[in-house]
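Scroll down for the structure; my scribbles are underneath it.
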Amino acid sequence: MKYTQLIRQSICRTFGLLIFLAWLSSGRFGFAQRGNQGAQIFGQNCAGCHGSDGKGTDKGPSIATMQSVISLSNLNLVKIVHDGTAAGMPSFAQLGDPAITAVVAYLRTLQGVAPGGPERTNLPAGALKGNPATGRDLFFRQAQCSNCHMVAGEGGVLGPDLTIYARTHQPEAIRQSIVSPGAAPAAQERRRGGFGFREDGAPGKDVEIVTKSGQKLTGVVHSENNLSIAMMTQDGRYHFLERSNLASETTLKTLMPTDYNTRLTNAWIDDIVAFLVKASESAPVEPVETPAAGGRRRSGGH
């Protein structure tokens with residue numbers, strides 16, 4: 001009797017587990033949740049080659065900013081992760097389909113595009129009001145956007161590279177991110193591709209730190225624990241600080257200037273938007289690695 005009861009309990013537990021796993025892999029669990037799960041999987045399996053922010057290392061290319069990768073469908077991205085590539089990226093089929101789907105969902109957040117796939121910017125004739133040449137001058141001089149952002153290899157590294165930003169963002173969304181940084185939905189845009197990411201793949205936080213010696217540092221936290229903090233400041237330098245040497249740490253809403261709507265005229269903002277759109281149109285499209293037919297695996301990096 002006792003043996004029969006144990007068998008029944010085991011069957012119930014197994015059946016319940018199967019139902020739970022089926023629910024996880026269904027659409028009910030939601031793409032956003034899979035994106036959160038994907039951050040951890042990405043950090044463990046992809047960041048070593050492609051960087052914690054997906055922008056590449058000496059071992060692997062940028063998959064967060066390369067337009068040919070951004071423009072791929074989710075199905076194609078899943079296939080690449082599953083099969084590997086002829087260029088040497090190993091197959092990650094062992095992760096399983098739910099985990100691979102979660103990684104692709106998280107990659108979309110690094111790319112700053114909608115989880116369902118890349119947004120398309122189809123501009124009607126006359127949609128751009130500004131002057132791209134004037135916008136370029138403003139970007140690199142008076143507006144000081146290039147202190148943090150790079151376009152076509154020129155500018156800072158603290159913020160995201162904006163070379164192809166306009167390929168996945170409509171002009172009005174670009175304008176809003178300029179005049180209302182840190183505000184919804186601009187804040188959401190920022191979290192999907194903002195001022196850097198921590199080593200675990202989570203978005204970095206903007207901080208102002210004052211050391212006990214009086215040094216003030218403003219920038220993005222890339223990693224931290226109970227004893228230390230690593231951050232990049234606005235000049236592009238990394239700082240590794242012991243918490244015992246800190247006088248204060250203040251989390252900032254955003255590092256972007258919040259007074260552009262008063263410092264810049266509407267015409268100037270239109271000029272900057274036009275510059276970013278034209279820059280994205282003229283940026284070369286890098287070729288994407290093609291999946292290997294047999295899912296060839298290689299130990300080590302991609």
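Naming scheme: A, B, ... for chains in displayed order of the structure tokens; residues 1 onward per chain; ligands 1 onward as shown.
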What lies within 8 Å of Gly48 of chain A using only C-alpha atoms, ignoring chain neighbours under 4 positions off, as a PyMOL selection string? chain A and resi 43-44+52+59+301
Atoms kept (C-alpha atoms) for selection, written as a PDB file, in the first residue's frame:
```pdb
ATOM      1  CA  GLY A  43      26.462  36.392 -19.813  1.00  0.00           C
ATOM      2  CA  GLN A  44      27.503  32.757 -19.353  1.00  0.00           C
ATOM      3  CA  SER A  52      28.590  41.887 -21.972  1.00  0.00           C
ATOM      4  CA  LYS A  59      37.317  37.292 -29.932  1.00  0.00           C
ATOM      5  CA  GLY A 301      35.700  31.254 -28.433  1.00  0.00           C
TER       6      GLY A 301
END
```
Find the residues around segment 142-156 of chain A up to 9 Å (only C-alpha atoms counted), leave out those fewer than 3 positions away in its own chain, and share them as a ChimeraX atom specification. /A:137-139,159-164,195,234-236,256,260,263-264,276,279-280,283
Separation of atom CA of Ser248 of chain A and atom CA of Ile229 of chain A, in Å? 12.4 Å
Between atom CA of Gly135 of chain A and atom CA of Phe275 of chain A, what is the distance, to one decimal in Å?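 Going from atom CA of Gly135 of chain A over to atom CA of Phe275 of chain A, I get 5.1 Å.
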Calculated over only C-alpha atoms, which of the candidates A:Val277, A:Gly56, A:Tyr106, A:Gly84 has the smallest distance to Gln170 of chain A? A:Val277
How many Å separate atom CA of Glu172 of chain A from atom CA of Asp270 of chain A?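 Here the two named atoms are 9.6 Å from each other.
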With distances taken over only C-alpha atoms, the candidate from A:Val207, A:Gln215, A:Lys55, A:Thr254 nearest Met231 of chain A is A:Val207
Pick the closest to Phe92 of chain A from A:Cys46, A:Met66, A:Ala173, A:Leu217: which is it, counting only C-alpha atoms?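 Residue with the minimum atom-to-atom distance to Phe92 of chain A: A:Cys46.
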Can you work out which one of A:Ala99, A:His222, A:Asn76, A:Gln111 has the shortest atom-to-atom distance to Thr168 of chain A, counting only C-alpha atoms?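 When distances to Thr168 of chain A are compared using only C-alpha atoms, the smallest one comes from A:Gln111.
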